[in-house]
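Listing of start.tsv, TSV, C-alpha atoms
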chain	number	residue	atom	x	y	z
J	50	LYS	CA	102.18	-39.77	3.27
J	51	LEU	CA	105.92	-39.17	3.16
J	52	THR	CA	105.99	-38.69	-0.59
J	53	GLN	CA	102.85	-36.54	-0.56
J	54	SER	CA	104.40	-34.22	2.00
J	55	VAL	CA	107.76	-34.17	0.25
J	56	LEU	CA	106.50	-33.46	-3.29
J	57	PRO	CA	105.81	-29.72	-2.82
J	58	PHE	CA	109.18	-29.17	-1.13
J	59	THR	CA	111.01	-31.29	-3.69
J	60	PHE	CA	109.89	-29.21	-6.64
J	61	ALA	CA	109.77	-25.85	-4.87
J	62	GLY	CA	113.38	-25.44	-5.95
J	63	PHE	CA	112.19	-25.29	-9.53
J	64	GLY	CA	108.96	-23.37	-9.02
J	65	ARG	CA	110.25	-19.90	-9.76
J	66	VAL	CA	112.27	-21.14	-12.70
J	67	HIS	CA	109.31	-23.09	-14.11
J	68	SER	CA	107.00	-20.09	-13.70
J	69	SER	CA	109.45	-17.79	-15.44
J	70	VAL	CA	109.92	-20.35	-18.19
J	71	ARG	CA	106.20	-20.42	-18.88
J	72	SER	CA	106.08	-16.62	-18.99
J	73	LEU	CA	108.81	-16.54	-21.66
J	74	THR	CA	106.17	-17.15	-24.32
J	75	GLN	CA	104.75	-13.73	-23.41
J	76	MET	CA	108.13	-11.95	-23.40
J	77	PRO	CA	110.35	-10.68	-26.22
J	78	PRO	CA	113.13	-13.11	-27.27
J	79	VAL	CA	116.13	-13.07	-24.95
J	80	LEU	CA	118.45	-11.91	-27.69
J	81	ALA	CA	121.37	-11.11	-25.40
J	82	ASP	CA	121.41	-14.62	-23.96
J	83	ARG	CA	121.16	-16.21	-27.37
J	84	GLU	CA	124.07	-14.13	-28.64
J	85	ALA	CA	126.13	-14.88	-25.53
J	86	PHE	CA	125.60	-18.61	-26.02
J	87	SER	CA	126.45	-18.42	-29.72
J	88	LEU	CA	129.69	-16.61	-29.04
J	89	HIS	CA	130.73	-18.76	-26.08
J	90	SER	CA	129.98	-22.10	-27.73
J	91	GLU	CA	131.08	-20.99	-31.23
J	92	TRP	CA	127.81	-22.54	-32.37
J	93	SER	CA	128.14	-21.11	-35.88
J	94	LEU	CA	131.31	-23.18	-36.32
J	95	VAL	CA	129.64	-26.45	-35.32
J	96	PRO	CA	128.89	-28.51	-38.47
J	97	SER	CA	125.20	-28.59	-39.33
J	98	ARG	CA	125.49	-31.07	-42.22
J	99	VAL	CA	127.15	-34.46	-42.51
J	100	THR	CA	129.09	-33.19	-45.52
J	101	ASP	CA	130.84	-30.70	-43.21
J	102	LEU	CA	132.41	-33.57	-41.24
J	103	PRO	CA	135.79	-35.20	-42.05
J	104	HIS	CA	135.48	-37.88	-44.72
J	105	ILE	CA	137.32	-40.67	-46.44
J	106	ALA	CA	136.95	-41.95	-50.01
J	107	ALA	CA	134.71	-44.99	-50.50
J	108	GLU	CA	133.89	-47.24	-53.42
J	109	GLY	CA	132.24	-45.74	-56.46
J	110	GLY	CA	133.60	-42.27	-55.87
J	111	SER	CA	131.44	-41.67	-52.79
J	112	PHE	CA	132.57	-40.69	-49.31
J	113	GLU	CA	132.21	-42.05	-45.79
J	114	TYR	CA	131.97	-39.33	-43.19
J	115	THR	CA	133.36	-39.75	-39.68
J	116	LEU	CA	132.08	-38.39	-36.40
J	117	ASN	CA	134.57	-37.98	-33.56
J	118	ALA	CA	132.27	-37.52	-30.58
J	119	TRP	CA	135.28	-37.23	-28.26
J	120	GLU	CA	135.85	-33.63	-29.24
J	121	LEU	CA	133.25	-31.07	-28.15
J	122	ARG	CA	132.53	-29.44	-31.50
J	123	SER	CA	132.03	-32.79	-33.21
J	124	ARG	CA	129.81	-34.05	-30.40
J	125	LEU	CA	127.66	-30.94	-30.73
J	126	ALA	CA	127.58	-31.60	-34.47
J	127	ALA	CA	125.78	-34.91	-33.87
J	128	THR	CA	122.91	-32.98	-32.33
J	129	LYS	CA	123.05	-29.98	-34.68
J	130	ILE	CA	122.87	-32.24	-37.76
J	131	VAL	CA	119.74	-33.90	-36.33
J	132	MET	CA	118.32	-30.42	-35.62
J	133	THR	CA	118.95	-29.37	-39.23
J	134	ALA	CA	117.20	-32.48	-40.53
J	135	LEU	CA	114.23	-31.84	-38.24
J	136	ASP	CA	114.05	-28.21	-39.40
J	137	LYS	CA	113.92	-29.35	-43.03
J	138	LEU	CA	111.09	-31.82	-42.43
J	139	GLN	CA	109.14	-29.77	-39.88
J	140	PRO	CA	110.00	-26.09	-40.53
J	141	ALA	CA	107.12	-24.79	-38.41
J	142	MET	CA	108.69	-26.45	-35.37
J	143	ASN	CA	111.62	-24.01	-35.45
J	144	SER	CA	110.43	-20.85	-37.19
J	145	ASP	CA	112.81	-18.59	-35.22
J	146	ALA	CA	115.89	-20.91	-35.21
J	147	TRP	CA	115.70	-21.21	-31.40
J	148	SER	CA	112.67	-23.43	-30.88
J	149	ASN	CA	114.00	-26.78	-32.11
J	150	PRO	CA	113.20	-29.40	-29.39
J	151	PHE	CA	116.73	-30.83	-29.67
J	152	TRP	CA	118.15	-27.64	-28.15
J	153	GLY	CA	117.63	-29.38	-24.81
J	154	ILE	CA	120.26	-32.01	-25.64
J	155	ALA	CA	122.66	-29.46	-27.15
J	156	LEU	CA	122.45	-27.25	-24.06
J	157	GLN	CA	122.92	-30.19	-21.70
J	158	THR	CA	126.10	-31.02	-23.62
J	159	THR	CA	127.47	-27.48	-23.29
J	160	TRP	CA	126.46	-27.20	-19.60
J	161	GLN	CA	128.24	-30.45	-18.78
J	162	ASN	CA	131.31	-29.41	-20.73
J	163	ASP	CA	131.45	-25.90	-19.26
J	164	THR	CA	131.28	-27.29	-15.71
J	165	TRP	CA	134.09	-29.83	-16.28
J	166	ARG	CA	131.65	-32.75	-16.27
J	167	HIS	CA	133.32	-34.19	-19.35
J	168	GLY	CA	136.49	-34.87	-17.42
J	169	ARG	CA	138.80	-32.44	-19.22
J	170	PRO	CA	139.10	-28.65	-19.66
J	171	PRO	CA	136.07	-27.18	-21.45
J	172	GLY	CA	136.00	-26.72	-25.19
J	173	GLY	CA	138.28	-29.52	-26.34
J	174	ALA	CA	138.71	-33.25	-25.84
J	175	ILE	CA	136.17	-35.33	-23.87
J	176	ASP	CA	137.27	-38.10	-21.49
J	177	PRO	CA	135.61	-41.48	-22.19
J	178	ALA	CA	136.42	-42.62	-18.64
J	179	ASN	CA	134.11	-39.96	-17.20
J	180	TRP	CA	130.54	-40.94	-16.24
J	181	TRP	CA	128.89	-37.75	-17.49
J	182	ALA	CA	130.84	-37.85	-20.74
J	183	ALA	CA	129.86	-41.46	-21.42
J	184	CYS	CA	126.19	-40.80	-20.63
J	185	ASN	CA	126.15	-37.75	-22.86
J	186	TYR	CA	127.71	-39.83	-25.65
J	187	ALA	CA	124.63	-42.06	-25.60
J	188	LEU	CA	122.25	-39.10	-25.57
J	189	THR	CA	123.92	-37.47	-28.58
J	190	VAL	CA	125.16	-40.36	-30.71
J	191	VAL	CA	122.22	-42.80	-30.40
J	192	PRO	CA	119.68	-40.37	-31.96
J	193	PHE	CA	122.26	-39.44	-34.60
J	194	ILE	CA	122.73	-43.09	-35.63
J	195	VAL	CA	118.99	-43.80	-35.53
J	196	ALA	CA	118.24	-40.70	-37.62
J	197	ARG	CA	120.64	-42.03	-40.26
J	198	HIS	CA	118.91	-45.42	-40.24
J	199	VAL	CA	115.42	-43.91	-40.56
J	200	GLY	CA	116.63	-41.76	-43.43
J	201	ILE	CA	116.26	-38.21	-42.20
J	202	ILE	CA	120.07	-38.10	-42.54
J	203	GLU	CA	121.12	-39.55	-45.89
J	204	GLU	CA	124.92	-39.73	-45.93
J	205	ALA	CA	126.93	-42.73	-44.70
J	206	ILE	CA	128.55	-42.06	-41.31
J	207	ILE	CA	131.12	-43.83	-39.16
J	208	ALA	CA	131.23	-43.00	-35.45
J	209	GLN	CA	134.81	-43.15	-34.16
J	210	ALA	CA	135.66	-45.22	-31.10
J	211	PRO	CA	137.47	-43.34	-28.33
J	212	ASP	CA	141.19	-43.94	-28.03
J	213	GLY	CA	141.93	-46.59	-25.42
J	214	ALA	CA	138.27	-47.56	-24.99
J	215	GLU	CA	137.54	-49.25	-28.31
J	216	THR	CA	136.18	-52.41	-26.68
J	217	GLU	CA	133.66	-50.73	-24.37
J	218	VAL	CA	130.25	-51.79	-25.64
J	219	ILE	CA	128.64	-48.62	-24.28
J	220	PHE	CA	130.26	-46.58	-27.05
J	221	VAL	CA	127.94	-47.70	-29.83
J	222	ARG	CA	128.91	-46.98	-33.42
J	223	ASP	CA	126.12	-48.48	-35.56
J	224	LEU	CA	122.45	-49.40	-35.35
J	225	GLU	CA	123.06	-53.02	-34.38
J	226	GLN	CA	125.12	-51.94	-31.37
J	227	CYS	CA	122.53	-49.29	-30.47
J	228	SER	CA	119.75	-51.90	-30.53
J	229	THR	CA	121.78	-54.21	-28.29
J	230	VAL	CA	122.94	-51.71	-25.67
J	231	PHE	CA	120.07	-49.18	-25.80
J	232	PRO	CA	117.05	-51.10	-27.15
J	233	GLY	CA	114.40	-48.84	-25.63
J	234	ALA	CA	116.09	-45.63	-26.73
J	235	THR	CA	116.76	-46.99	-30.24
J	236	ASN	CA	113.13	-47.97	-30.75
J	237	SER	CA	111.79	-44.74	-29.27
J	238	PHE	CA	114.07	-42.44	-31.26
J	239	GLY	CA	113.13	-44.49	-34.31
J	240	GLU	CA	109.45	-43.86	-33.60
J	241	LEU	CA	110.14	-40.14	-33.21
J	242	PHE	CA	112.04	-39.81	-36.49
J	243	LYS	CA	109.58	-41.97	-38.44
J	244	THR	CA	106.76	-39.74	-37.21
J	245	VAL	CA	108.74	-36.62	-38.09
J	246	LYS	CA	109.31	-38.01	-41.58
J	247	SER	CA	105.78	-39.26	-42.27
J	248	THR	CA	103.69	-36.45	-40.77
J	249	SER	CA	103.13	-33.36	-42.89
J	250	GLN	CA	102.84	-30.99	-39.93
J	251	LEU	CA	103.70	-32.57	-36.60
J	252	SER	CA	102.40	-30.76	-33.54
J	253	ARG	CA	104.97	-29.48	-31.10
J	254	GLN	CA	103.29	-31.28	-28.22
J	255	LYS	CA	103.43	-34.64	-30.02
J	256	CYS	CA	107.08	-34.10	-30.96
J	257	LEU	CA	107.99	-33.26	-27.36
J	258	GLN	CA	106.08	-36.27	-26.10
J	259	LEU	CA	107.94	-38.64	-28.42
J	260	LEU	CA	111.29	-36.98	-27.68
J	261	TRP	CA	110.81	-37.26	-23.92
J	262	VAL	CA	109.89	-40.94	-24.18
J	263	ALA	CA	113.11	-41.58	-26.12
J	264	HIS	CA	115.15	-39.39	-23.76
J	265	ASP	CA	113.75	-41.18	-20.70
J	266	HIS	CA	114.56	-44.61	-22.17
J	267	CYS	CA	118.09	-43.48	-22.99
J	268	VAL	CA	118.71	-42.09	-19.49
J	269	ARG	CA	117.44	-45.21	-17.76
J	270	GLU	CA	119.49	-47.48	-20.00
J	271	PHE	CA	122.76	-45.58	-19.68
J	272	VAL	CA	122.37	-45.30	-15.90
J	273	ALA	CA	121.91	-49.09	-15.73
J	274	ALA	CA	124.92	-49.68	-17.99
J	275	LEU	CA	127.40	-47.15	-16.63
J	276	GLY	CA	127.58	-47.73	-12.90
J	277	TYR	CA	131.20	-48.80	-13.29
J	278	LYS	CA	132.16	-45.25	-14.32
J	279	LEU	CA	130.72	-43.52	-11.24
J	280	SER	CA	134.12	-43.93	-9.58
J	281	SER	CA	135.35	-41.16	-11.90
J	282	LEU	CA	133.32	-38.72	-9.75
J	283	SER	CA	133.47	-37.64	-6.14
J	284	ALA	CA	130.91	-39.35	-3.90
J	285	ARG	CA	128.88	-36.12	-3.69
J	286	GLU	CA	128.96	-35.61	-7.46
J	287	ALA	CA	128.00	-39.26	-8.04
J	288	ASP	CA	124.96	-38.80	-5.80
J	289	PHE	CA	123.99	-35.67	-7.72
J	290	ALA	CA	124.44	-37.46	-11.05
J	291	LEU	CA	122.14	-40.32	-10.07
J	292	GLY	CA	119.59	-37.95	-8.55
J	293	TRP	CA	119.62	-35.77	-11.65
J	294	ALA	CA	119.04	-38.82	-13.85
J	295	GLU	CA	115.96	-39.60	-11.74
J	296	LEU	CA	114.71	-36.01	-11.74
J	297	VAL	CA	114.65	-35.65	-15.52
J	298	GLY	CA	111.94	-38.31	-15.48
J	299	PHE	CA	109.66	-35.73	-13.85
J	300	LEU	CA	110.43	-33.26	-16.65
J	301	ALA	CA	109.42	-35.96	-19.11
J	302	GLU	CA	106.07	-36.38	-17.38
J	303	VAL	CA	105.19	-32.70	-17.86
J	304	ASN	CA	106.56	-32.66	-21.45
J	305	PHE	CA	108.88	-29.80	-20.54
J	306	ASP	CA	109.53	-27.66	-23.60
J	307	THR	CA	113.14	-28.16	-24.67
J	308	GLY	CA	113.47	-25.18	-26.99
J	309	PHE	CA	116.47	-22.92	-26.37
J	310	ASP	CA	114.89	-20.24	-24.17
J	311	ASP	CA	113.02	-22.57	-21.82
J	312	THR	CA	115.97	-24.94	-21.41
J	313	ARG	CA	118.45	-22.10	-20.94
J	314	GLU	CA	116.29	-20.53	-18.23
J	315	PHE	CA	115.90	-23.87	-16.48
J	316	GLU	CA	119.67	-24.41	-16.51
J	317	THR	CA	120.18	-21.34	-14.32
J	318	CYS	CA	119.34	-23.55	-11.35
J	319	LEU	CA	122.01	-26.16	-12.17
J	320	PRO	CA	125.41	-26.30	-10.43
J	321	THR	CA	128.15	-24.33	-12.16
J	322	ARG	CA	130.97	-26.66	-11.19
J	323	LEU	CA	131.63	-30.24	-10.15
J	324	LEU	CA	130.52	-31.03	-6.61
J	325	GLU	CA	133.08	-32.01	-4.00
J	326	ASP	CA	132.56	-34.13	-0.92
J	327	ALA	CA	133.16	-31.04	1.22
J	328	ASP	CA	130.04	-29.39	-0.28
J	329	GLY	CA	127.59	-31.47	1.69
J	330	ILE	CA	123.95	-31.21	0.69
J	331	ILE	CA	124.42	-27.57	-0.41
J	332	ALA	CA	127.39	-25.53	-1.64
J	333	CYS	CA	128.36	-22.28	0.07
J	334	ASP	CA	129.37	-20.59	-3.20
J	335	PHE	CA	126.09	-21.35	-5.03
J	336	VAL	CA	123.12	-19.00	-5.26
J	337	GLY	CA	119.79	-19.89	-3.68
J	338	LYS	CA	118.10	-21.56	-6.64
J	339	GLN	CA	121.18	-23.70	-7.32
J	340	ASN	CA	121.17	-24.94	-3.75
J	341	ARG	CA	117.42	-25.57	-3.94
J	342	CYS	CA	118.19	-27.67	-7.00
J	343	LEU	CA	120.79	-29.66	-5.05
J	344	ILE	CA	118.31	-30.28	-2.24
J	345	ALA	CA	115.55	-31.34	-4.65
J	346	VAL	CA	117.85	-33.71	-6.54
J	347	GLU	CA	119.14	-35.26	-3.32
J	348	LEU	CA	115.60	-35.77	-1.97
J	349	VAL	CA	114.58	-37.53	-5.17
J	350	ARG	CA	117.70	-39.73	-5.02
J	351	ARG	CA	117.20	-40.71	-1.38
J	352	ILE	CA	113.51	-41.51	-1.74
J	353	ASP	CA	114.13	-43.51	-4.88
J	354	ALA	CA	116.91	-45.45	-3.15
J	355	VAL	CA	114.42	-46.60	-0.50
J	356	GLU	CA	111.32	-47.01	-2.70
J	357	PRO	CA	112.37	-47.09	-6.38
J	358	GLY	CA	109.88	-45.35	-8.61
J	359	LEU	CA	107.47	-44.44	-5.79
J	360	LEU	CA	107.91	-40.67	-5.96
J	361	LEU	CA	107.40	-40.66	-9.73
J	362	LYS	CA	104.23	-42.76	-9.36
J	363	VAL	CA	102.83	-40.30	-6.82
J	364	PHE	CA	103.80	-37.42	-9.10
J	365	THR	CA	102.07	-38.87	-12.17
J	366	ALA	CA	98.98	-39.73	-10.10
J	367	LEU	CA	98.50	-35.99	-9.56
J	368	GLY	CA	97.44	-35.57	-13.18
J	369	THR	CA	98.50	-32.80	-15.54
J	370	ASP	CA	97.23	-29.90	-13.42
J	371	GLY	CA	98.62	-31.39	-10.23
J	372	MET	CA	102.05	-32.02	-11.73
J	373	THR	CA	102.23	-28.44	-12.97
J	374	GLU	CA	101.12	-27.16	-9.57
J	375	ALA	CA	103.85	-29.23	-7.87
J	376	PHE	CA	106.44	-27.37	-9.94
J	377	ASP	CA	104.80	-24.03	-9.16
J	378	VAL	CA	104.73	-24.32	-5.36

Kindly return the structure encoded in the file as structure tokens.
Amino acid sequence: KLTQSVLPFTFAGFGRVHSSVRSLTQMPPVLADREAFSLHSEWSLVPSRVTDLPHIAAEGGSFEYTLNAWELRSRLAATKIVMTALDKLQPAMNSDAWSNPFWGIALQTTWQNDTWRHGRPPGGAIDPANWWAACNYALTVVPFIVARHVGIIEEAIIAQAPDGAETEVIFVRDLEQCSTVFPGATNSFGELFKTVKSTSQLSRQKCLQLLWVAHDHCVREFVAALGYKLSSLSAREADFALGWAELVGFLAEVNFDTGFDDTREFETCLPTRLLEDADGIIACDFVGKQNRCLIAVELVRRIDAVEPGLLLKVFTALGTDGMTEAFDV
């Protein structure tokens, strides 16, 4: 009864955003927002091919390319290179350059970086001691490594270890390490990329379904592995981080479309700075939908702390129409 009564209130914070997201398919492209993002993130300067990355000479006159995921532009490159490979294999999936399903991961990276959730000033170096930064490493580098193994990325790549944290197993650098630390995510991203490669015209719904399964595995595995880094955050921010990790599971259940426009609209409800202990359950300098987001995330966290997985079970029991209605309350 508690979870049934809480569900509508929990997702009411996202109702208006979700409704507006769904209406975007009937609206002209939000060109101003796309241009603003491109300018702010310098997206055009982010490498889109492995051959644009730094490289060293290898045997036989070939090269080994290196990815330094501890600098923002290079971390974004891990996702953009995967996006380029997906576009090549499934061009209908991204006919306007803004519909690629991996925009969701790219935009999460820029949101975290812009709001200082990578532990250092935005736009430059990323702190490996920071919880958000370490989690985002998994969500960007694991699919990149798996894509190379499956063969949708052809060139040899070496992922650089972060300075001072070379021995941390969480910072995987090859497929064997990925399979050990993130077995569920590695298998699921592998299934996604194999399907992308073997299917002549993959439906968007199927691609989103496979991507969300992989994303959900990755989130659950990095949350389980990275508890020791939560001390890098304030207590209030740590609560939000864990609640947010739980909440994205609900987005997975509805196969939320992670193209640019939908994800960008959804992000308008996210906090624009790190939370401090003085904020309490809401923040006085946030707008209404951002505070509704904080309340929803905290409710999910508290219920899950008492009855792990119960709220998600109730949510999925509603069925497709019921889950959508819960978001639209």

*Which distance in Å separates atom CA of J:Glu314 and atom CA of J:Gly153, to one decimal?*
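Between these atoms lies a distance of 11.1 Å.
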
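Pairwise distance (atom CA of J:Asp223, atom CA of J:Leu94) equals 25.8 Å.
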
_Top pick for closest residue to J:Gln258, considering J:Asp306, J:Asp353, J:Asp176, J:Glu295 and counting all atoms listed in the file_ =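 The answer is J:Asp306, which sits nearest to J:Gln258.
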
*Which neighbours of stretch 268-273 of chain J fall inside 8 Å, counting all atoms listed in the file, when residues of the same chain fewer than 6 positions from it are skipped, and could you give them as number ranges by chain?*
J: 184, 187-188, 230-231, 233-234, 291, 294

*One decimal, Å: what's the distance from atom CA of J:Phe305 over to atom CA of J:Thr248, could you say?*
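Distance reported for this atom pair: 21.9 Å.
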
*J:Arg253, J:His89, J:Arg98, J:Arg169: which is nearest J:Ala141, counting only C-alpha atoms?*
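For J:Ala141, the nearest of the candidates is J:Arg253.
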